[in-house]
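coords.cif (mmCIF, C-alpha atoms) appears below.
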```
data_structure
loop_
_atom_site.label_atom_id
_atom_site.label_comp_id
_atom_site.auth_asym_id
_atom_site.auth_seq_id
_atom_site.Cartn_x
_atom_site.Cartn_y
_atom_site.Cartn_z
CA MET E 336 0.00 0.00 0.00
CA LEU E 337 1.08 3.53 -0.76
CA THR E 338 0.15 6.70 1.09
CA ILE E 339 0.23 9.96 -0.85
CA LEU E 340 0.22 13.35 0.87
CA TYR E 341 -0.38 16.68 -0.83
CA PHE E 342 0.62 20.02 0.64
CA ALA E 343 -0.03 23.74 0.31
CA ARG E 344 -1.29 25.05 -3.05
CA LEU E 345 -1.35 21.56 -4.61
CA ARG E 346 -3.59 20.24 -1.84
CA ASP E 347 -5.96 23.17 -2.31
CA VAL E 348 -6.12 22.87 -6.10
CA LEU E 349 -6.41 19.08 -6.15
CA GLY E 350 -8.91 19.15 -3.30
CA CYS E 351 -7.10 16.28 -1.63
CA ALA E 352 -4.80 16.17 1.42
CA SER E 353 -4.05 12.45 1.36
CA GLU E 354 -5.04 9.20 -0.28
CA THR E 355 -3.90 5.60 -0.41
CA LEU E 356 -3.22 3.35 -3.38
CA ALA E 357 -3.58 -0.39 -2.94
CA THR E 358 -1.12 -1.21 -5.72
CA PRO E 359 1.79 1.22 -5.70
CA PRO E 360 3.56 2.08 -8.98
CA ALA E 361 7.22 1.12 -9.28
CA THR E 362 8.70 4.60 -9.58
CA VAL E 363 7.82 8.23 -8.98
CA ARG E 364 7.51 8.66 -12.74
CA ASP E 365 4.93 5.85 -12.90
CA LEU E 366 3.00 7.34 -9.99
CA ILE E 367 2.86 10.76 -11.62
CA ALA E 368 1.69 9.20 -14.90
CA LEU E 369 -1.09 7.43 -13.04
CA LEU E 370 -2.21 10.67 -11.38
CA VAL E 371 -1.99 12.67 -14.62
CA ALA E 372 -4.25 10.07 -16.29
CA ARG E 373 -7.06 11.25 -13.99
CA GLY E 374 -7.24 14.34 -16.20
CA GLY E 375 -8.59 17.72 -15.13
CA VAL E 376 -6.64 19.52 -12.40
CA TRP E 377 -4.43 16.45 -11.94
CA GLN E 378 -3.22 16.69 -15.50
CA ALA E 379 -2.92 20.48 -15.32
CA GLU E 380 -0.83 20.42 -12.14
CA LEU E 381 1.32 17.31 -12.61
CA GLY E 382 1.38 16.78 -16.37
CA GLY E 383 2.33 20.17 -17.72
CA ALA E 384 4.71 23.04 -17.19
CA ARG E 385 4.03 23.52 -13.48
CA VAL E 386 6.91 22.61 -11.22
CA PHE E 387 6.38 20.29 -8.27
CA ARG E 388 8.52 18.31 -5.84
CA VAL E 389 8.25 14.76 -4.57
CA ALA E 390 9.50 13.22 -1.32
CA ILE E 391 9.60 9.50 -0.52
CA ASN E 392 9.52 8.67 3.19
CA GLN E 393 10.34 12.31 4.03
CA GLU E 394 13.39 12.49 1.72
CA MET E 395 13.44 14.54 -1.47
CA ALA E 396 13.14 12.22 -4.48
CA GLN E 397 13.59 12.23 -8.25
CA LEU E 398 11.31 10.95 -11.01
CA ASP E 399 13.28 7.75 -11.52
CA ASP E 400 13.46 6.80 -7.84
CA ALA E 401 11.80 3.52 -6.89
CA ILE E 402 8.88 3.60 -4.48
CA PRO E 403 9.41 1.04 -1.70
CA ALA E 404 6.58 -1.01 -0.22
CA GLY E 405 4.51 0.85 2.35
CA ALA E 406 6.05 4.19 1.42
CA GLU E 407 4.76 7.64 2.27
CA VAL E 408 5.05 9.78 -0.85
CA ALA E 409 4.51 13.52 -0.59
CA ILE E 410 3.85 15.77 -3.57
CA PHE E 411 4.10 19.52 -3.07
CA PRO E 412 4.95 22.83 -4.73
CA PRO E 413 8.48 24.24 -4.59
CA VAL E 414 9.06 25.32 -1.00
CA THR E 415 8.80 28.94 0.13
CA GLY E 416 9.93 29.02 3.75
CA GLY E 417 12.52 31.19 5.43
CA MET N 1235 31.15 19.76 21.53
CA GLN N 1236 28.38 20.24 19.01
CA GLN N 1237 25.53 22.39 20.21
CA ASP N 1238 22.76 22.28 17.68
CA VAL N 1239 19.24 23.47 18.29
CA ILE N 1240 16.57 22.81 15.66
CA ARG N 1241 13.01 23.78 16.46
CA VAL N 1242 9.80 24.22 14.50
CA GLN N 1243 7.19 26.03 16.55
CA SER N 1244 4.27 28.42 16.41
CA ALA N 1245 5.50 30.47 19.36
CA ASP N 1246 7.81 33.44 18.91
CA PHE N 1247 11.51 33.15 19.79
CA ASP N 1248 13.83 35.41 21.76
CA VAL N 1249 17.06 36.21 19.91
CA ALA N 1250 18.76 37.42 23.11
CA HIS N 1251 17.97 34.14 24.83
CA GLU N 1252 19.37 32.09 21.94
CA TYR N 1253 22.55 34.19 21.97
CA GLN N 1254 22.89 33.93 25.74
CA ARG N 1255 23.07 30.15 25.42
CA LEU N 1256 26.60 30.61 24.07
CA ALA N 1257 27.85 32.60 27.06
CA GLY N 1258 31.15 31.64 28.63
CA GLN N 1259 32.59 29.73 25.67
CA PRO N 1260 35.88 31.35 24.73
CA GLN N 1261 36.41 29.12 21.68
CA ILE N 1262 33.53 30.94 19.99
CA GLY N 1263 35.00 34.05 18.45
CA ALA N 1264 32.18 34.89 16.04
CA VAL N 1265 28.41 34.59 16.14
CA VAL N 1266 26.18 35.47 13.19
CA MET N 1267 22.43 35.63 13.69
CA PHE N 1268 20.02 36.00 10.78
CA VAL N 1269 16.37 36.77 11.48
CA GLY N 1270 13.77 36.63 8.72
CA ARG N 1271 10.62 38.66 9.37
CA VAL N 1272 7.20 39.05 7.79
CA ARG N 1273 7.44 42.01 5.46
CA ASP N 1274 4.79 44.13 3.82
CA LEU N 1275 6.23 46.36 1.12
CA SER N 1276 2.85 47.35 -0.26
CA ALA N 1277 1.95 51.03 -0.10
CA ASN N 1278 -1.34 50.45 1.68
CA ALA N 1279 -0.38 47.83 4.29
CA ASP N 1280 -2.30 45.21 2.28
CA LEU N 1281 -0.89 42.21 4.10
CA HIS N 1282 -2.92 41.01 7.07
CA ALA N 1283 -0.78 37.95 7.80
CA LEU N 1284 1.28 35.09 6.46
CA HIS N 1285 0.23 31.52 7.04
CA LEU N 1286 3.21 29.15 7.29
CA GLU N 1287 2.46 25.51 6.54
CA HIS N 1288 4.96 22.65 6.81
CA TYR N 1289 5.31 18.89 6.43
CA PRO N 1290 5.77 17.93 10.07
CA ALA N 1291 7.21 14.45 9.54
CA MET N 1292 9.87 15.81 7.20
CA THR N 1293 10.70 19.31 8.41
CA GLU N 1294 13.04 18.67 11.33
CA ARG N 1295 14.83 15.90 9.46
CA ALA N 1296 15.41 18.20 6.48
CA LEU N 1297 16.77 20.92 8.76
CA GLN N 1298 18.99 18.39 10.52
CA GLN N 1299 20.42 17.35 7.15
CA LEU N 1300 21.14 20.99 6.28
CA VAL N 1301 23.04 21.44 9.53
CA GLN N 1302 25.02 18.25 8.92
CA ALA N 1303 25.92 19.44 5.42
CA ALA N 1304 27.06 22.80 6.81
CA ARG N 1305 29.14 21.05 9.46
CA ALA N 1306 30.83 19.00 6.75
CA ARG N 1307 32.00 22.25 5.11
CA TRP N 1308 32.84 24.46 8.06
CA GLN N 1309 34.04 24.22 11.64
CA LEU N 1310 31.04 25.32 13.65
CA ASP N 1311 30.74 25.39 17.43
CA ALA N 1312 27.00 25.91 17.46
CA VAL N 1313 24.10 26.09 15.05
CA THR N 1314 20.56 27.14 15.91
CA ILE N 1315 17.65 27.03 13.50
CA ILE N 1316 14.21 28.04 14.73
CA HIS N 1317 11.40 28.27 12.18
CA ARG N 1318 7.88 29.33 13.04
CA VAL N 1319 4.68 27.96 11.53
CA GLY N 1320 1.06 29.08 11.63
CA ARG N 1321 -0.29 32.59 11.35
CA LEU N 1322 2.25 35.42 11.51
CA ALA N 1323 1.47 39.13 11.36
CA PRO N 1324 3.61 41.72 9.54
CA ALA N 1325 6.90 42.47 11.35
CA GLU N 1326 6.73 39.20 13.28
CA GLN N 1327 9.79 36.95 13.27
CA ILE N 1328 9.69 33.88 11.01
CA VAL N 1329 13.09 32.26 11.21
CA LEU N 1330 16.34 32.42 13.15
CA VAL N 1331 19.60 30.98 11.89
CA LEU N 1332 22.51 31.29 14.30
CA THR N 1333 26.03 30.14 13.48
CA ALA N 1334 28.94 30.27 15.91
CA SER N 1335 32.53 29.55 15.09
CA PRO N 1336 36.05 30.63 15.97
CA HIS N 1337 36.20 32.98 12.96
CA ARG N 1338 33.78 35.39 11.33
CA ASP N 1339 34.22 34.20 7.74
CA THR N 1340 33.05 30.75 8.74
CA ALA N 1341 30.10 32.06 10.73
CA TYR N 1342 28.98 34.36 7.91
CA GLU N 1343 29.36 31.80 5.13
CA ALA N 1344 27.72 28.94 7.00
CA ASN N 1345 24.82 31.17 7.96
CA ARG N 1346 24.19 32.20 4.38
CA TYR N 1347 24.54 28.58 3.22
CA LEU N 1348 21.95 27.42 5.73
CA MET N 1349 19.46 30.12 4.73
CA ASP N 1350 19.98 29.49 1.01
CA TYR N 1351 19.29 25.77 1.47
CA LEU N 1352 16.49 26.28 3.95
CA LYS N 1353 14.62 28.41 1.43
CA THR N 1354 14.86 25.76 -1.29
CA ALA N 1355 14.98 22.40 0.53
CA ALA N 1356 13.00 22.60 3.77
CA PRO N 1357 9.27 21.81 3.38
CA PHE N 1358 7.66 25.11 4.39
CA TRP N 1359 5.10 27.03 2.36
CA LYS N 1360 3.86 30.59 2.79
CA LYS N 1361 0.36 31.81 2.06
CA GLU N 1362 -0.32 35.53 2.01
CA ILE N 1363 -3.55 36.72 3.56
CA THR N 1364 -4.26 40.19 2.23
CA ARG N 1365 -7.20 42.54 2.02
CA HIS N 1366 -7.71 41.16 -1.50
CA GLY N 1367 -7.85 37.51 -0.45
CA GLU N 1368 -5.46 34.61 0.06
CA ALA N 1369 -2.69 33.42 -2.25
CA TRP N 1370 0.14 30.93 -1.96
CA VAL N 1371 3.56 32.49 -2.42
CA GLU N 1372 5.34 31.26 -5.56
CA ALA N 1373 8.93 30.04 -5.31
CA ARG N 1374 11.47 32.50 -6.67
CA ALA N 1375 14.12 31.65 -9.24
CA SER N 1376 16.53 33.92 -7.33
CA ASP N 1377 16.33 31.57 -4.35
CA GLU N 1378 17.30 28.60 -6.54
CA GLN N 1379 20.17 30.63 -7.97
CA ALA N 1380 21.36 31.56 -4.48
CA ARG N 1381 21.51 27.88 -3.55
CA ALA N 1382 23.17 26.90 -6.83
CA ARG N 1383 26.14 29.13 -5.99
CA TRP N 1384 27.15 26.61 -3.33
CA GLU N 1385 27.13 23.69 -5.76
CA THR N 1386 29.74 24.88 -8.23
#
```
Output the file's structure in the form of structure tokens.
Amino acid sequence: MLTILYFARLRDVLGCASETLATPPATVRDLIALLVARGGVWQAELGGARVFRVAINQEMAQLDDAIPAGAEVAIFPPVTGG
Amino acid sequence: MQQDVIRVQSADFDVAHEYQRLAGQPQIGAVVMFVGRVRDLSANADLHALHLEHYPAMTERALQQLVQAARARWQLDAVTIIHRVGRLAPAEQIVLVLTASPHRDTAYEANRYLMDYLKTAAPFWKKEITRHGEAWVEARASDEQARARWET
């Protein structure tokens, strides 16, 4: 199982703070493709020119990183703290 | 002895108190303290507040990794990072980065390094609450460029 968390502007636009997937994709790239296939705001936010970041188990990740079993994946806009 | 303090909190912090923690340590010859504050540069005081959101499970770990990376580059006697979350009014303090070392160059450089990475790698997000409504702050290319300077 895979837990996905969304933060900040992405959470607001997608209308979703968290969800679980029973069958997790192999990589971040596969996960994003699956989300983009939902169309609508998902495609607009994750399938186009907008920049976003991904963390796996609270560590920043890249598109080709593998998603381990039971992972917590977070998807969020570029950070703006400080 | 390493003396690191990393805190994420909604309460305000006291810069004098954080500095006082270093009293009586003659090996510390230089202390640099950076404080980021909520600014409102609009002509009509449009900003009511900032809302600071974070990713609690990740935030302190990310800050810890920044401090470790800074320690790998510079000799630091103490590092303090305090970052506030929640609702913050104009002129309130947002973040403190304190670096202490035997020499000023080290304290200055490490402080700037920590802020440059914090702004691009630590999972905080700002939302502006103004008289016109609410809007998430967009990341700035200049912040990415500031961080990239350290990677050449």
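Comparing the minimum interatomic distances between Arg388 of chain E and each of E:Leu370, E:Ile410, E:Ala343, E:Ala401, counting all atoms listed in the file, we find that E:Ile410 sits nearest.
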Please enumerate the residues selected by the PyMOL selection byres ((chain E) within 9 of (chain N)) when evaluated against the supplied file, formatted as an mmCIF file with C-alpha atoms, in the frame of the given file.
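Okay, out32.cif is ready:
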```cif
data_model
loop_
_atom_site.group_PDB
_atom_site.id
_atom_site.type_symbol
_atom_site.label_atom_id
_atom_site.label_comp_id
_atom_site.auth_asym_id
_atom_site.auth_seq_id
_atom_site.Cartn_x
_atom_site.Cartn_y
_atom_site.Cartn_z
ATOM 1 C CA PHE E 342 0.620 20.020 0.640
ATOM 2 C CA ALA E 343 -0.030 23.740 0.310
ATOM 3 C CA ARG E 344 -1.290 25.050 -3.050
ATOM 4 C CA ALA E 390 9.500 13.220 -1.320
ATOM 5 C CA ASN E 392 9.520 8.670 3.190
ATOM 6 C CA GLN E 393 10.340 12.310 4.030
ATOM 7 C CA GLU E 394 13.390 12.490 1.720
ATOM 8 C CA MET E 395 13.440 14.540 -1.470
ATOM 9 C CA ALA E 409 4.510 13.520 -0.590
ATOM 10 C CA PHE E 411 4.100 19.520 -3.070
ATOM 11 C CA PRO E 412 4.950 22.830 -4.730
ATOM 12 C CA PRO E 413 8.480 24.240 -4.590
ATOM 13 C CA VAL E 414 9.060 25.320 -1.000
ATOM 14 C CA THR E 415 8.800 28.940 0.130
ATOM 15 C CA GLY E 416 9.930 29.020 3.750
ATOM 16 C CA GLY E 417 12.520 31.190 5.430
#
```
- Query: How far is it from atom CA of Asp1311 of chain N to atom CA of Leu1332 of chain N, in Å with one decimal?
  - Reply: 10.6 Å
- Which residues, written as a PyMOL selection string, have at least one atom at most 9 Å from Val1313 of chain N, with only C-alpha atoms counted and residues fewer than 6 positions away on the same chain left out? chain N and resi 1236-1240+1301+1331-1334+1345
- Message: Quick one: residues within 10 Å of Asp365 of chain E, only C-alpha atoms, excluding same-chain residues fewer than 2 positions away - as a ChimeraX atom specification?
- Response: /E:359-363,367-371,398-402
